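S.K.: I am attaching a structure below and will ask some questions about it afterwards.
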Amino acid sequence: MIKHIIAAVSIVLAIWSSIYMYGLDKEAHKLENIHKIIAKSAITIKKSTKKLVIKEMLTTGGSSNSNDSANKELEALQKSSGSMAAFKTSSLYAQNCSSCHGKIGQGIIGPKLMGRTKKFILTNLKEFKSGVKKNYVMYGLLQNLTKEQLNKLATEISTFQAKYDAVNKK
Ligand code: HEC
């Protein structure tokens, strides 16, 4: 009789312990995944804090204990934001194009236009407007603009690179 009881108890114990071990395994696996997620986010946090630090330095005028590379980065940023401010475009460009192609044609949603020739830009504008080149955004937008305006825009945008270079040399 006692033998039977011992056998039953040990079977129960064996089952219980394997269930327990299975649970532990699962927890360990979860923990591993969590660590992976944390490691990943740490990288992105590192990147965004770097940007934040630079931003902060720009608004506070820089901090004394920052290292050389941060200083250089800051200088470059200040320089480029200075040239952004000095860079004037027509209201025609600013109102119709800059939201997608950037204040100085550097490209955002739309491709970079800075450095393109007048011919390239005008050809593209004409093709978008007529629908030869299919793009709904550009097509819709250009319906409201006259040939003359397209010509003006192409002329203006083709000077962006030279303008940018001139401002940056100062
Ligand atoms: C709402 C966003 C948006 C606006 C506003 C916009 N564009 Fe675009 N533009 C685009 C996108 C997106 C493309 C890429 C289309 C493609 O290649 O199919 C493009 C393409 C172009 C191209 C061809 C560039 C290349 O490298 O292929 C030119 C030139 C251009 N746009 C000029 C202009 C001008 C000039 C204006 C203002 C009148 C303007 N765009 C306004 C989104 C925009």
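Chain labels A, B, ... are given in the sequence in which chains occur in the structure tokens; within each chain residues are numbered consecutively from 1, and ligands are likewise numbered from 1 in the order shown.
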Write as a VMD selection string the residues around ligand 1, taking 10 Å as the cut-off and counting only C-alpha atoms and all ligand atoms.
M.R.: chain A and resid 92 to 102 105 107 to 114 116 to 128 133 to 145 149 to 158
S.K.: Taking C-alpha atoms for each residue, export the selection above as a short mmCIF file (atom, residue, chain, number, x, y, z; two decimals), in the first residue's frame.
M.R.:
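part-v6.cif, written as the output of this step:
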```cif
data_model
loop_
_atom_site.label_atom_id
_atom_site.label_comp_id
_atom_site.auth_asym_id
_atom_site.auth_seq_id
_atom_site.Cartn_x
_atom_site.Cartn_y
_atom_site.Cartn_z
CA LEU A 92 6.02 81.18 -55.86
CA TYR A 93 8.52 78.51 -54.89
CA ALA A 94 8.04 78.86 -51.14
CA GLN A 95 4.26 78.50 -51.34
CA ASN A 96 4.00 75.77 -53.95
CA CYS A 97 7.09 73.62 -53.78
CA SER A 98 9.11 74.04 -50.59
CA SER A 99 6.83 71.91 -48.42
CA CYS A 100 7.90 68.80 -50.32
CA HIS A 101 11.19 69.74 -51.95
CA GLY A 102 12.60 71.71 -49.05
CA GLY A 105 15.45 72.47 -52.72
CA GLY A 107 14.50 67.41 -50.88
CA ILE A 108 12.05 66.11 -48.28
CA ILE A 109 9.10 64.09 -49.59
CA GLY A 110 9.94 65.10 -53.11
CA PRO A 111 13.41 64.55 -54.57
CA LYS A 112 16.28 66.98 -54.20
CA LEU A 113 16.07 69.73 -56.80
CA MET A 114 19.19 71.64 -55.88
CA ARG A 116 19.38 70.31 -61.30
CA THR A 117 19.55 72.22 -64.58
CA LYS A 118 16.77 74.48 -65.80
CA LYS A 119 16.15 72.16 -68.71
CA PHE A 120 15.76 69.13 -66.45
CA ILE A 121 13.31 70.89 -64.17
CA LEU A 122 11.24 72.44 -66.93
CA THR A 123 11.01 69.17 -68.86
CA ASN A 124 9.87 67.38 -65.71
CA LEU A 125 7.32 70.06 -64.88
CA LYS A 126 5.86 69.97 -68.38
CA GLU A 127 5.69 66.19 -68.37
CA PHE A 128 4.05 66.09 -64.95
CA LYS A 133 5.05 61.53 -66.50
CA LYS A 134 2.54 60.16 -64.03
CA ASN A 135 2.48 61.56 -60.53
CA TYR A 136 -0.80 62.59 -58.98
CA VAL A 137 0.70 65.05 -56.54
CA MET A 138 2.75 66.92 -59.11
CA TYR A 139 -0.03 66.65 -61.69
CA GLY A 140 -2.70 68.16 -59.44
CA LEU A 141 -0.42 70.88 -58.23
CA LEU A 142 0.75 71.99 -61.63
CA GLN A 143 -2.73 72.41 -63.09
CA ASN A 144 -2.97 75.75 -61.28
CA LEU A 145 0.32 77.08 -62.59
CA GLN A 149 5.26 80.36 -63.80
CA LEU A 150 6.79 76.99 -64.60
CA ASN A 151 9.48 78.72 -66.58
CA LYS A 152 10.17 81.09 -63.69
CA LEU A 153 10.33 78.21 -61.24
CA ALA A 154 12.72 76.23 -63.42
CA THR A 155 14.97 79.26 -63.79
CA GLU A 156 14.93 79.95 -60.08
CA ILE A 157 15.51 76.37 -58.93
CA SER A 158 18.43 75.95 -61.30
#
```
S.K.: Using only C-alpha atoms, which residue out of A:Val132, A:Leu31, A:Ala85, A:Ile5 lies closest to A:Tyr164?
M.R.: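 Nearest to A:Tyr164: A:Ala85.
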S.K.: Could you please determine the separation between atom CA of A:Ile104 and atom CA of A:Asn71 in Å, to one decimal place?
M.R.: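 Separation of atom CA of A:Ile104 and atom CA of A:Asn71: 24.8 Å.
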S.K.: What does the structure give for the distance between atom CA of A:Lys147 and atom CA of A:Ala166, in Å to one decimal?
M.R.: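 Atom-to-atom, atom CA of A:Lys147 to atom CA of A:Ala166, that is 29.3 Å.
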